[in-house]
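Everything on this sheet refers to the single structure shown next.
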Amino acid sequence: MVIGGGGREHTLAWQVSQSPQVEKVFVAPGNAGTALIAENLDILPTDTKTLGKVAQDKGIELVVIGPEVPLASGIVDYFDSLGIPVFGPTKAAAKIESSKVFARKLMEKYHIPCPKGKVFSSYVEARTYLEHQQLPIVVKADGLAAGKGVIIASSMQEAVKALDDIMKARIFGSAGDKVIIDEYLSGREVSLIAFTDGKIVSPMLPACDYKRIWDNNQGANTGGMGSYSPPIFFPAELIEKATKAILLPAIRAMANEGVTYKGVLYAGLMCTDEELLVLEFNCRFGDPETQAVLPLLKTDFVDILLAVIQGNLDQVKIEWSAGACVGVVMASAGYPGSYKKGLPIKGLNEVDKDLLIFHAGTRLGDNGIVYTNGGRVLSLAGAGKDMAEAREKVYSNIPRIYFEGCHYRKDIALREIA
Ligand code: AMP
Ligand code: GLY
């Protein structure tokens with residue numbers, strides 16, 4: 001049973017369904033895409049008790065959690081208490097994402113490279129500190145804020161507004177009890193996501209995420225408009241360096257604090273000219289990185305998930321394809337602002353057989369028609385022997401799919417081939 005309903009979860013469900021060990025997949029709540037390969041269950045990812053009961057009733061043998069919110073509230077602890085194998089970190093381990101202050105203190109204590117910053121729980125002290133800082137400056141809410149809790153301010157006015165919004169207006173509720181004010185770093189960002197059983201870490205191929213809505217990184221921030229893997233600028237030596245200096249030390253630091261970290265550890269890294277620094281840790285698969293990374297996995301995904309849960313990840317040889325993958329999101333008109341739902345999607349069956357269509361905000365109508373049901377509607381992924389072939393695969397297919405007002409970025413992975 002895969003928990004969640006976005007493009008990431010469709011990808012997870014697709015991967016588990018490829019395993020010869022798997023008889024049947026359920027997704028809660030899923031979308032029109034998961035309905036093609038699994039049975040959707042109309043249960044919210046946060047409805048832990050109902051999920052647990054349904055898992056027991058249906059004799060589910062493996063649960064995989066997609067989103068951070070149920071992880072942060074302890075869904076893994078609950079499935080553990082029911083004796084149902086579950087992939088993901090416990091509530092205590094998920095704190096590495098659910099509290100940026102916790103993660104920052106951990107990094108500082110264990111010398112894991114991160115930006116220079118300061119933690120505040122007093123608005124007045126944060127405000128006074130802010131006034132003596134150089135611009136741009138980064139203001140971060142401590143808790144989960146659906147990806148909106150980090151503000152990069154290029155003027156003092158913007159920085160003060162961010163602080164006011166978080167700590168006074170409390171737009172993210174108790175997630176804004178504390179803030180971190182960070183130095184601004186520039187460089188190239190990469191997501192390095194690893195499987196870990198609490199003892200060893202096995203990094204997946206690195207990936208890059210495109211957050212802005214328009215080409216050339218213009219416009220508003222989104223949940224991610226596309227991704228590709230692997231970036232040339234992050235070769236095997238850097239993966240190795242990040243594993244030794246960041247991923248392993250983080251797992252060991254957690255263990256030293258009394259917490260076994262199992263599941264996926266996602267390091268959002270900034271590569272400056274001199275060093276690799278951690279901008280954030282997440283306790284789950286990335287979205288949309290997963291849509292570009294997992295198509296390159298050659299090993300039985302379920303073998304990896306079970307080895308993580310059982311604590312014997314060293315027994316599984318994880319292999320990746322030597323090629324590349326590009327994932328492009330088709331979004332609704334208006335996204336990331338307000339947008340219409342319920343528009344029919346055409347052409348889903350008119351694409352090449354080897355193009356991967358991962359659904360995000362879609363709904364299957366009783367008439368068999370697929371309708372839009374969110375801002376990010378589809379994630380199309382093309383894999384190839386290299387980035388140029390992967391791009392060609394995805395971009396030659398996109399025009400065959402249509403819904404009113406649909407738009408997508410044309411420059412995903414372009415820098416890799418230009
Ligand atoms: P986070 O949730 O901490 O990863 O922040 C979200 C995004 O904000 C990151 O992916 C970066 O693009 C950006 N960011 C966070 N911290 C910094 C920083 N110290 N300097 C520059 N950009 C940052
Ligand atoms: N792609 C960013 C994230 O999953 O947090």
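If you're wondering about the labels, chains in the structure tokens are A, B, ... by order shown, residues count from 1 in each chain, ligands from 1 in order shown.
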
Write as a PDB file with all heavy atoms, in the first residue's frame the residues around ligand 2, taking 10 Å as the cut-off and counting only C-alpha atoms and all ligand atoms.
```
ATOM      1  N   ARG A   8       4.829  11.630  -7.274  1.00  0.00           N
ATOM      2  CA  ARG A   8       5.794  10.785  -6.565  1.00  0.00           C
ATOM      3  C   ARG A   8       5.174   9.441  -6.213  1.00  0.00           C
ATOM      4  O   ARG A   8       5.770   8.375  -6.432  1.00  0.00           O
ATOM      5  CB  ARG A   8       6.228  11.517  -5.278  1.00  0.00           C
ATOM      6  CG  ARG A   8       6.980  10.657  -4.296  1.00  0.00           C
ATOM      7  CD  ARG A   8       7.316  11.449  -3.033  1.00  0.00           C
ATOM      8  NE  ARG A   8       6.143  12.093  -2.449  1.00  0.00           N
ATOM      9  CZ  ARG A   8       6.187  13.165  -1.662  1.00  0.00           C
ATOM     10  NH1 ARG A   8       7.334  13.728  -1.354  1.00  0.00           N
ATOM     11  NH2 ARG A   8       5.075  13.686  -1.170  1.00  0.00           N
ATOM     12  N   PRO A  67       4.275  11.281   1.470  1.00  0.00           N
ATOM     13  CA  PRO A  67       4.404  12.662   1.955  1.00  0.00           C
ATOM     14  C   PRO A  67       4.964  12.796   3.373  1.00  0.00           C
ATOM     15  O   PRO A  67       4.921  11.849   4.170  1.00  0.00           O
ATOM     16  CB  PRO A  67       2.970  13.199   1.939  1.00  0.00           C
ATOM     17  CG  PRO A  67       2.091  12.085   1.490  1.00  0.00           C
ATOM     18  CD  PRO A  67       2.874  10.822   1.461  1.00  0.00           C
ATOM     19  N   GLU A  68       5.450  14.009   3.665  1.00  0.00           N
ATOM     20  CA  GLU A  68       6.093  14.263   4.956  1.00  0.00           C
ATOM     21  C   GLU A  68       5.111  14.427   6.115  1.00  0.00           C
ATOM     22  O   GLU A  68       5.445  14.120   7.256  1.00  0.00           O
ATOM     23  CB  GLU A  68       7.006  15.498   4.884  1.00  0.00           C
ATOM     24  CG  GLU A  68       6.342  16.843   4.598  1.00  0.00           C
ATOM     25  CD  GLU A  68       6.119  17.104   3.107  1.00  0.00           C
ATOM     26  OE1 GLU A  68       6.203  16.144   2.313  1.00  0.00           O
ATOM     27  OE2 GLU A  68       5.847  18.267   2.754  1.00  0.00           O
ATOM     28  N   GLU A  97      13.245  16.561   9.108  1.00  0.00           N
ATOM     29  CA  GLU A  97      12.548  17.463   8.178  1.00  0.00           C
ATOM     30  C   GLU A  97      11.533  18.343   8.888  1.00  0.00           C
ATOM     31  O   GLU A  97      11.380  19.514   8.528  1.00  0.00           O
ATOM     32  CB  GLU A  97      11.814  16.660   7.084  1.00  0.00           C
ATOM     33  CG  GLU A  97      10.961  17.567   6.193  1.00  0.00           C
ATOM     34  CD  GLU A  97      10.430  16.920   4.928  1.00  0.00           C
ATOM     35  OE1 GLU A  97      10.726  15.738   4.679  1.00  0.00           O
ATOM     36  OE2 GLU A  97       9.718  17.615   4.170  1.00  0.00           O
ATOM     37  N   ALA A 146       4.567  23.204   3.844  1.00  0.00           N
ATOM     38  CA  ALA A 146       4.235  22.818   2.461  1.00  0.00           C
ATOM     39  C   ALA A 146       5.168  23.470   1.442  1.00  0.00           C
ATOM     40  O   ALA A 146       4.740  23.913   0.380  1.00  0.00           O
ATOM     41  CB  ALA A 146       2.773  23.157   2.148  1.00  0.00           C
ATOM     42  N   GLY A 147       6.440  23.532   1.777  1.00  0.00           N
ATOM     43  CA  GLY A 147       7.429  24.065   0.851  1.00  0.00           C
ATOM     44  C   GLY A 147       7.446  25.583   0.732  1.00  0.00           C
ATOM     45  O   GLY A 147       8.148  26.139  -0.096  1.00  0.00           O
ATOM     46  N   VAL A 190      21.516  20.521  -5.853  1.00  0.00           N
ATOM     47  CA  VAL A 190      21.274  19.142  -6.260  1.00  0.00           C
ATOM     48  C   VAL A 190      20.559  18.407  -5.128  1.00  0.00           C
ATOM     49  O   VAL A 190      20.776  18.711  -3.956  1.00  0.00           O
ATOM     50  CB  VAL A 190      22.613  18.454  -6.650  1.00  0.00           C
ATOM     51  CG1 VAL A 190      23.546  18.341  -5.473  1.00  0.00           C
ATOM     52  CG2 VAL A 190      22.398  17.093  -7.281  1.00  0.00           C
ATOM     53  N   SER A 191      19.698  17.485  -5.496  1.00  0.00           N
ATOM     54  CA  SER A 191      19.028  16.652  -4.493  1.00  0.00           C
ATOM     55  C   SER A 191      19.697  15.289  -4.506  1.00  0.00           C
ATOM     56  O   SER A 191      19.700  14.614  -5.534  1.00  0.00           O
ATOM     57  CB  SER A 191      17.547  16.467  -4.840  1.00  0.00           C
ATOM     58  OG  SER A 191      16.922  17.705  -5.049  1.00  0.00           O
ATOM     59  N   ILE A 193      19.358  11.803  -2.761  1.00  0.00           N
ATOM     60  CA  ILE A 193      18.383  11.066  -1.951  1.00  0.00           C
ATOM     61  C   ILE A 193      18.926   9.647  -1.768  1.00  0.00           C
ATOM     62  O   ILE A 193      19.379   9.032  -2.738  1.00  0.00           O
ATOM     63  CB  ILE A 193      17.007  11.060  -2.659  1.00  0.00           C
ATOM     64  CG1 ILE A 193      16.626  12.504  -3.059  1.00  0.00           C
ATOM     65  CG2 ILE A 193      15.933  10.444  -1.784  1.00  0.00           C
ATOM     66  CD1 ILE A 193      15.363  12.625  -3.891  1.00  0.00           C
ATOM     67  N   ALA A 207      19.711  14.296  -8.565  1.00  0.00           N
ATOM     68  CA  ALA A 207      18.724  14.901  -9.463  1.00  0.00           C
ATOM     69  C   ALA A 207      18.648  16.404  -9.222  1.00  0.00           C
ATOM     70  O   ALA A 207      19.034  16.880  -8.155  1.00  0.00           O
ATOM     71  CB  ALA A 207      17.355  14.274  -9.224  1.00  0.00           C
ATOM     72  N   CYS A 208      18.165  17.128 -10.216  1.00  0.00           N
ATOM     73  CA  CYS A 208      17.936  18.567 -10.061  1.00  0.00           C
ATOM     74  C   CYS A 208      16.460  18.846 -10.239  1.00  0.00           C
ATOM     75  O   CYS A 208      15.800  18.237 -11.070  1.00  0.00           O
ATOM     76  CB  CYS A 208      18.731  19.351 -11.098  1.00  0.00           C
ATOM     77  SG  CYS A 208      20.485  19.242 -10.793  1.00  0.00           S
ATOM     78  N   ASP A 209      15.992  19.791  -9.432  1.00  0.00           N
ATOM     79  CA  ASP A 209      14.579  20.139  -9.388  1.00  0.00           C
ATOM     80  C   ASP A 209      14.433  21.570  -9.916  1.00  0.00           C
ATOM     81  O   ASP A 209      15.287  22.406  -9.637  1.00  0.00           O
ATOM     82  CB  ASP A 209      14.177  20.045  -7.905  1.00  0.00           C
ATOM     83  CG  ASP A 209      12.762  20.456  -7.628  1.00  0.00           C
ATOM     84  OD1 ASP A 209      11.997  20.656  -8.573  1.00  0.00           O
ATOM     85  OD2 ASP A 209      12.417  20.578  -6.428  1.00  0.00           O
ATOM     86  N   TYR A 210      13.397  21.839 -10.681  1.00  0.00           N
ATOM     87  CA  TYR A 210      13.132  23.198 -11.196  1.00  0.00           C
ATOM     88  C   TYR A 210      11.910  23.753 -10.482  1.00  0.00           C
ATOM     89  O   TYR A 210      10.795  23.321 -10.745  1.00  0.00           O
ATOM     90  CB  TYR A 210      12.872  23.160 -12.701  1.00  0.00           C
ATOM     91  CG  TYR A 210      14.098  22.880 -13.531  1.00  0.00           C
ATOM     92  CD1 TYR A 210      14.689  21.625 -13.541  1.00  0.00           C
ATOM     93  CD2 TYR A 210      14.666  23.877 -14.316  1.00  0.00           C
ATOM     94  CE1 TYR A 210      15.811  21.372 -14.310  1.00  0.00           C
ATOM     95  CE2 TYR A 210      15.786  23.628 -15.095  1.00  0.00           C
ATOM     96  CZ  TYR A 210      16.349  22.372 -15.087  1.00  0.00           C
ATOM     97  OH  TYR A 210      17.457  22.110 -15.857  1.00  0.00           O
ATOM     98  N   LYS A 211      12.157  24.723  -9.591  1.00  0.00           N
ATOM     99  CA  LYS A 211      11.078  25.189  -8.712  1.00  0.00           C
ATOM    100  C   LYS A 211      10.215  26.302  -9.307  1.00  0.00           C
ATOM    101  O   LYS A 211       9.049  26.430  -8.952  1.00  0.00           O
ATOM    102  CB  LYS A 211      11.685  25.750  -7.419  1.00  0.00           C
ATOM    103  CG  LYS A 211      12.280  24.689  -6.535  1.00  0.00           C
ATOM    104  CD  LYS A 211      11.585  24.697  -5.199  1.00  0.00           C
ATOM    105  CE  LYS A 211      12.063  23.603  -4.293  1.00  0.00           C
ATOM    106  NZ  LYS A 211      11.249  22.395  -4.423  1.00  0.00           N
ATOM    107  N   THR A 222       7.031  26.979  -7.166  1.00  0.00           N
ATOM    108  CA  THR A 222       5.989  25.957  -7.285  1.00  0.00           C
ATOM    109  C   THR A 222       6.434  24.731  -6.477  1.00  0.00           C
ATOM    110  O   THR A 222       7.527  24.729  -5.910  1.00  0.00           O
ATOM    111  CB  THR A 222       5.850  25.496  -8.750  1.00  0.00           C
ATOM    112  OG1 THR A 222       7.035  24.754  -9.107  1.00  0.00           O
ATOM    113  CG2 THR A 222       5.686  26.666  -9.699  1.00  0.00           C
ATOM    114  N   GLY A 223       5.638  23.696  -6.523  1.00  0.00           N
ATOM    115  CA  GLY A 223       6.048  22.432  -5.914  1.00  0.00           C
ATOM    116  C   GLY A 223       7.099  21.708  -6.740  1.00  0.00           C
ATOM    117  O   GLY A 223       7.605  20.664  -6.341  1.00  0.00           O
ATOM    118  N   GLY A 224       7.464  22.270  -7.898  1.00  0.00           N
ATOM    119  CA  GLY A 224       8.458  21.622  -8.776  1.00  0.00           C
ATOM    120  C   GLY A 224       7.849  21.423 -10.158  1.00  0.00           C
ATOM    121  O   GLY A 224       6.797  20.817 -10.292  1.00  0.00           O
ATOM    122  N   MET A 225       8.490  21.975 -11.175  1.00  0.00           N
ATOM    123  CA  MET A 225       7.955  21.915 -12.545  1.00  0.00           C
ATOM    124  C   MET A 225       8.679  20.879 -13.403  1.00  0.00           C
ATOM    125  O   MET A 225       8.365  20.713 -14.580  1.00  0.00           O
ATOM    126  CB  MET A 225       8.047  23.294 -13.206  1.00  0.00           C
ATOM    127  CG  MET A 225       7.124  24.330 -12.595  1.00  0.00           C
ATOM    128  SD  MET A 225       5.372  23.872 -12.761  1.00  0.00           S
ATOM    129  CE  MET A 225       5.127  24.059 -14.521  1.00  0.00           C
ATOM    130  N   GLY A 226       9.657  20.223 -12.815  1.00  0.00           N
ATOM    131  CA  GLY A 226      10.370  19.205 -13.579  1.00  0.00           C
ATOM    132  C   GLY A 226      11.661  18.846 -12.884  1.00  0.00           C
ATOM    133  O   GLY A 226      12.048  19.491 -11.894  1.00  0.00           O
ATOM    134  N   SER A 227      12.296  17.824 -13.406  1.00  0.00           N
ATOM    135  CA  SER A 227      13.507  17.338 -12.766  1.00  0.00           C
ATOM    136  C   SER A 227      14.269  16.483 -13.771  1.00  0.00           C
ATOM    137  O   SER A 227      13.680  15.978 -14.718  1.00  0.00           O
ATOM    138  CB  SER A 227      13.090  16.494 -11.563  1.00  0.00           C
ATOM    139  OG  SER A 227      14.215  15.940 -10.923  1.00  0.00           O
ATOM    140  N   TYR A 266      16.853  12.529   2.331  1.00  0.00           N
ATOM    141  CA  TYR A 266      16.994  13.419   1.178  1.00  0.00           C
ATOM    142  C   TYR A 266      17.835  14.597   1.624  1.00  0.00           C
ATOM    143  O   TYR A 266      17.452  15.312   2.551  1.00  0.00           O
ATOM    144  CB  TYR A 266      15.584  13.837   0.769  1.00  0.00           C
ATOM    145  CG  TYR A 266      15.408  14.985  -0.197  1.00  0.00           C
ATOM    146  CD1 TYR A 266      14.482  14.875  -1.226  1.00  0.00           C
ATOM    147  CD2 TYR A 266      16.077  16.197  -0.078  1.00  0.00           C
ATOM    148  CE1 TYR A 266      14.251  15.924  -2.106  1.00  0.00           C
ATOM    149  CE2 TYR A 266      15.861  17.246  -0.955  1.00  0.00           C
ATOM    150  CZ  TYR A 266      14.945  17.102  -1.959  1.00  0.00           C
ATOM    151  OH  TYR A 266      14.707  18.147  -2.813  1.00  0.00           O
ATOM    152  N   ALA A 267      18.980  14.792   0.978  1.00  0.00           N
ATOM    153  CA  ALA A 267      19.792  15.967   1.278  1.00  0.00           C
ATOM    154  C   ALA A 267      19.671  16.949   0.125  1.00  0.00           C
ATOM    155  O   ALA A 267      19.981  16.617  -1.024  1.00  0.00           O
ATOM    156  CB  ALA A 267      21.248  15.568   1.486  1.00  0.00           C
ATOM    157  N   GLY A 268      19.159  18.138   0.429  1.00  0.00           N
ATOM    158  CA  GLY A 268      19.134  19.231  -0.552  1.00  0.00           C
ATOM    159  C   GLY A 268      20.462  19.960  -0.411  1.00  0.00           C
ATOM    160  O   GLY A 268      20.719  20.566   0.630  1.00  0.00           O
ATOM    161  N   GLU A 280      18.847  21.609   3.262  1.00  0.00           N
ATOM    162  CA  GLU A 280      17.738  20.988   3.993  1.00  0.00           C
ATOM    163  C   GLU A 280      17.889  19.481   3.960  1.00  0.00           C
ATOM    164  O   GLU A 280      18.493  18.923   3.034  1.00  0.00           O
ATOM    165  CB  GLU A 280      16.388  21.355   3.362  1.00  0.00           C
ATOM    166  CG  GLU A 280      16.218  20.769   1.978  1.00  0.00           C
ATOM    167  CD  GLU A 280      14.819  20.934   1.377  1.00  0.00           C
ATOM    168  OE1 GLU A 280      13.845  21.068   2.134  1.00  0.00           O
ATOM    169  OE2 GLU A 280      14.708  20.903   0.147  1.00  0.00           O
ATOM    170  N   PHE A 281      17.338  18.846   4.986  1.00  0.00           N
ATOM    171  CA  PHE A 281      17.133  17.411   4.932  1.00  0.00           C
ATOM    172  C   PHE A 281      15.626  17.177   4.822  1.00  0.00           C
ATOM    173  O   PHE A 281      14.840  17.857   5.478  1.00  0.00           O
ATOM    174  CB  PHE A 281      17.618  16.728   6.221  1.00  0.00           C
ATOM    175  CG  PHE A 281      19.108  16.517   6.284  1.00  0.00           C
ATOM    176  CD1 PHE A 281      19.844  17.057   7.336  1.00  0.00           C
ATOM    177  CD2 PHE A 281      19.767  15.771   5.323  1.00  0.00           C
ATOM    178  CE1 PHE A 281      21.221  16.856   7.418  1.00  0.00           C
ATOM    179  CE2 PHE A 281      21.136  15.558   5.390  1.00  0.00           C
ATOM    180  CZ  PHE A 281      21.869  16.108   6.439  1.00  0.00           C
ATOM    181  N   ASN A 282      15.244  16.215   3.998  1.00  0.00           N
ATOM    182  CA  ASN A 282      13.866  15.761   3.986  1.00  0.00           C
ATOM    183  C   ASN A 282      13.858  14.288   4.356  1.00  0.00           C
ATOM    184  O   ASN A 282      14.855  13.585   4.162  1.00  0.00           O
ATOM    185  CB  ASN A 282      13.231  15.959   2.601  1.00  0.00           C
ATOM    186  CG  ASN A 282      13.048  17.443   2.286  1.00  0.00           C
ATOM    187  OD1 ASN A 282      12.777  18.242   3.175  1.00  0.00           O
ATOM    188  ND2 ASN A 282      13.227  17.806   1.034  1.00  0.00           N
ATOM    189  N   CYS A 283      12.710  13.842   4.866  1.00  0.00           N
ATOM    190  CA  CYS A 283      12.669  12.474   5.401  1.00  0.00           C
ATOM    191  C   CYS A 283      11.932  11.532   4.457  1.00  0.00           C
ATOM    192  O   CYS A 283      11.403  10.525   4.874  1.00  0.00           O
ATOM    193  CB  CYS A 283      12.013  12.492   6.773  1.00  0.00           C
ATOM    194  SG  CYS A 283      10.286  12.957   6.746  1.00  0.00           S
ATOM    195  N   ARG A 284      11.940  11.869   3.160  1.00  0.00           N
ATOM    196  CA  ARG A 284      11.089  11.154   2.191  1.00  0.00           C
ATOM    197  C   ARG A 284      11.658  11.308   0.788  1.00  0.00           C
ATOM    198  O   ARG A 284      12.606  12.053   0.588  1.00  0.00           O
ATOM    199  CB  ARG A 284       9.701  11.799   2.241  1.00  0.00           C
ATOM    200  CG  ARG A 284       9.911  13.319   2.114  1.00  0.00           C
ATOM    201  CD  ARG A 284       8.731  14.137   1.883  1.00  0.00           C
ATOM    202  NE  ARG A 284       9.136  15.539   1.917  1.00  0.00           N
ATOM    203  CZ  ARG A 284       9.627  16.203   0.888  1.00  0.00           C
ATOM    204  NH1 ARG A 284       9.779  15.609  -0.280  1.00  0.00           N
ATOM    205  NH2 ARG A 284      10.001  17.464   1.013  1.00  0.00           N
ATOM    206  N   PHE A 285      11.035  10.628  -0.145  1.00  0.00           N
ATOM    207  CA  PHE A 285      11.401  10.789  -1.553  1.00  0.00           C
ATOM    208  C   PHE A 285      11.035  12.211  -1.993  1.00  0.00           C
ATOM    209  O   PHE A 285      10.044  12.773  -1.529  1.00  0.00           O
ATOM    210  CB  PHE A 285      10.602   9.818  -2.426  1.00  0.00           C
ATOM    211  CG  PHE A 285      10.968   8.367  -2.251  1.00  0.00           C
ATOM    212  CD1 PHE A 285      10.305   7.574  -1.336  1.00  0.00           C
ATOM    213  CD2 PHE A 285      11.976   7.801  -3.020  1.00  0.00           C
ATOM    214  CE1 PHE A 285      10.632   6.228  -1.190  1.00  0.00           C
ATOM    215  CE2 PHE A 285      12.305   6.463  -2.882  1.00  0.00           C
ATOM    216  CZ  PHE A 285      11.630   5.675  -1.954  1.00  0.00           C
ATOM    217  N   GLY A 286      11.814  12.757  -2.921  1.00  0.00           N
ATOM    218  CA  GLY A 286      11.518  14.095  -3.446  1.00  0.00           C
ATOM    219  C   GLY A 286      10.419  14.040  -4.490  1.00  0.00           C
ATOM    220  O   GLY A 286      10.225  13.030  -5.157  1.00  0.00           O
ATOM    221  N   ASP A 287       9.710  15.127  -4.613  1.00  0.00           N
ATOM    222  CA  ASP A 287       8.731  15.273  -5.679  1.00  0.00           C
ATOM    223  C   ASP A 287       9.036  16.606  -6.345  1.00  0.00           C
ATOM    224  O   ASP A 287       8.985  17.633  -5.665  1.00  0.00           O
ATOM    225  CB  ASP A 287       7.317  15.264  -5.077  1.00  0.00           C
ATOM    226  CG  ASP A 287       6.247  15.144  -6.148  1.00  0.00           C
ATOM    227  OD1 ASP A 287       6.538  15.385  -7.329  1.00  0.00           O
ATOM    228  OD2 ASP A 287       5.101  14.804  -5.782  1.00  0.00           O
ATOM    229  N   PRO A 288       9.436  16.682  -7.584  1.00  0.00           N
ATOM    230  CA  PRO A 288       9.348  15.677  -8.648  1.00  0.00           C
ATOM    231  C   PRO A 288      10.617  14.865  -8.924  1.00  0.00           C
ATOM    232  O   PRO A 288      10.682  14.181  -9.937  1.00  0.00           O
ATOM    233  CB  PRO A 288       9.035  16.539  -9.871  1.00  0.00           C
ATOM    234  CG  PRO A 288       9.819  17.799  -9.636  1.00  0.00           C
ATOM    235  CD  PRO A 288       9.821  18.005  -8.146  1.00  0.00           C
ATOM    236  N   GLU A 289      11.616  14.877  -8.046  1.00  0.00           N
ATOM    237  CA  GLU A 289      12.850  14.128  -8.332  1.00  0.00           C
ATOM    238  C   GLU A 289      12.590  12.630  -8.558  1.00  0.00           C
ATOM    239  O   GLU A 289      13.211  12.010  -9.427  1.00  0.00           O
ATOM    240  CB  GLU A 289      13.856  14.270  -7.176  1.00  0.00           C
ATOM    241  CG  GLU A 289      14.477  15.647  -7.037  1.00  0.00           C
ATOM    242  CD  GLU A 289      13.719  16.532  -6.073  1.00  0.00           C
ATOM    243  OE1 GLU A 289      12.475  16.376  -5.954  1.00  0.00           O
ATOM    244  OE2 GLU A 289      14.354  17.383  -5.439  1.00  0.00           O
ATOM    245  N   THR A 290      11.692  12.075  -7.749  1.00  0.00           N
ATOM    246  CA  THR A 290      11.420  10.632  -7.828  1.00  0.00           C
ATOM    247  C   THR A 290      11.006  10.213  -9.246  1.00  0.00           C
ATOM    248  O   THR A 290      11.389   9.145  -9.730  1.00  0.00           O
ATOM    249  CB  THR A 290      10.300  10.273  -6.815  1.00  0.00           C
ATOM    250  OG1 THR A 290      10.748  10.720  -5.544  1.00  0.00           O
ATOM    251  CG2 THR A 290      10.032   8.791  -6.753  1.00  0.00           C
TER     252      THR A 290
END
```

Show me which residues sit within 9 Å of ligand 1 when counting only C-alpha atoms and all ligand atoms, and put them as a PyMOL selection string. chain A and resi 97+100+114-117+136-140+147-152+181-187+189-191+209+211+267-270+278-282

Contacts of Asp300 of chain A at 10 Å (only C-alpha atoms; same-chain gap of 5+ positions) as a PDB file with N, CA, C and O atoms, in the first residue's frame:
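For reference, around-v1.pdb as written:
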```pdb
ATOM      1  N   GLN A  15       6.769   1.511  -9.484  1.00  0.00           N
ATOM      2  CA  GLN A  15       7.964   0.717  -9.192  1.00  0.00           C
ATOM      3  C   GLN A  15       7.622  -0.561  -8.413  1.00  0.00           C
ATOM      4  O   GLN A  15       8.116  -1.622  -8.756  1.00  0.00           O
ATOM      5  N   VAL A  16       6.800  -0.456  -7.399  1.00  0.00           N
ATOM      6  CA  VAL A  16       6.491  -1.685  -6.642  1.00  0.00           C
ATOM      7  C   VAL A  16       5.714  -2.666  -7.518  1.00  0.00           C
ATOM      8  O   VAL A  16       5.915  -3.882  -7.432  1.00  0.00           O
ATOM      9  N   GLN A  18       6.166  -3.318 -10.512  1.00  0.00           N
ATOM     10  CA  GLN A  18       7.085  -4.026 -11.416  1.00  0.00           C
ATOM     11  C   GLN A  18       7.689  -5.264 -10.757  1.00  0.00           C
ATOM     12  O   GLN A  18       8.260  -6.109 -11.440  1.00  0.00           O
ATOM     13  N   SER A  19       7.628  -5.332  -9.429  1.00  0.00           N
ATOM     14  CA  SER A  19       8.303  -6.419  -8.726  1.00  0.00           C
ATOM     15  C   SER A  19       7.521  -7.722  -8.846  1.00  0.00           C
ATOM     16  O   SER A  19       6.315  -7.752  -8.585  1.00  0.00           O
ATOM     17  N   PRO A  20       8.195  -8.816  -9.213  1.00  0.00           N
ATOM     18  CA  PRO A  20       7.502 -10.108  -9.289  1.00  0.00           C
ATOM     19  C   PRO A  20       6.985 -10.569  -7.931  1.00  0.00           C
ATOM     20  O   PRO A  20       6.133 -11.463  -7.858  1.00  0.00           O
ATOM     21  N   GLN A  21       7.477  -9.938  -6.858  1.00  0.00           N
ATOM     22  CA  GLN A  21       7.023 -10.348  -5.515  1.00  0.00           C
ATOM     23  C   GLN A  21       5.653  -9.773  -5.171  1.00  0.00           C
ATOM     24  O   GLN A  21       5.073 -10.142  -4.156  1.00  0.00           O
ATOM     25  N   LEU A 305      13.246  -1.962  -0.426  1.00  0.00           N
ATOM     26  CA  LEU A 305      12.356  -1.497   0.647  1.00  0.00           C
ATOM     27  C   LEU A 305      12.388  -2.470   1.834  1.00  0.00           C
ATOM     28  O   LEU A 305      12.488  -2.057   2.994  1.00  0.00           O
ATOM     29  N   VAL A 316      21.867  -6.055  -0.338  1.00  0.00           N
ATOM     30  CA  VAL A 316      21.262  -5.803  -1.660  1.00  0.00           C
ATOM     31  C   VAL A 316      22.210  -4.967  -2.514  1.00  0.00           C
ATOM     32  O   VAL A 316      22.703  -3.927  -2.069  1.00  0.00           O
ATOM     33  N   LYS A 317      22.459  -5.449  -3.721  1.00  0.00           N
ATOM     34  CA  LYS A 317      23.293  -4.679  -4.638  1.00  0.00           C
ATOM     35  C   LYS A 317      22.340  -3.805  -5.465  1.00  0.00           C
ATOM     36  O   LYS A 317      21.531  -4.325  -6.229  1.00  0.00           O
ATOM     37  N   ILE A 318      22.421  -2.503  -5.254  1.00  0.00           N
ATOM     38  CA  ILE A 318      21.484  -1.608  -5.944  1.00  0.00           C
ATOM     39  C   ILE A 318      22.132  -1.103  -7.232  1.00  0.00           C
ATOM     40  O   ILE A 318      23.218  -0.530  -7.207  1.00  0.00           O
ATOM     41  N   GLU A 319      21.448  -1.356  -8.355  1.00  0.00           N
ATOM     42  CA  GLU A 319      22.028  -0.962  -9.644  1.00  0.00           C
ATOM     43  C   GLU A 319      21.160   0.062 -10.358  1.00  0.00           C
ATOM     44  O   GLU A 319      19.930   0.011 -10.293  1.00  0.00           O
TER      45      GLU A 319
END
```

Determine which residues of segment 14-200 of chain A DSSP labels as strand (DSSP E) from the backbone of this structure, then write them out as a ChimeraX atom specification. /A:26-29,39-40,63-65,86-87,117-120,137-141,150-153,179-183,188-196

Applying 9 Å and only C-alpha atoms, which residues near Phe102 of chain A remain after dropping the ones on its own chain fewer than 6 positions away? List them as a list in words. Lys95, Ile96 and Asp142 of chain A

Would you kindly return, as a VMD selection string, each protein, DNA or RNA residue with an atom no farther than 8 Å from any atom of segment 163-179 of chain A, considering only C-alpha atoms and excluding same-chain residues fewer than 6 positions away? chain A and resid 101 119 to 123 126 to 127 139 to 145 149

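Those residues in segment 167-296 of chain A carrying a DSSP assignment of alpha helix (DSSP H), computed from the backbone, are Ala236, Glu237, Leu238, Ile239, Glu240, Lys241, Ala242, Leu248, Pro249, Ala250, Ile251, Arg252, Ala253, Met254, Ala255, Asn256, Glu289, Thr290, Gln291, Ala292 and Val293 of chain A.
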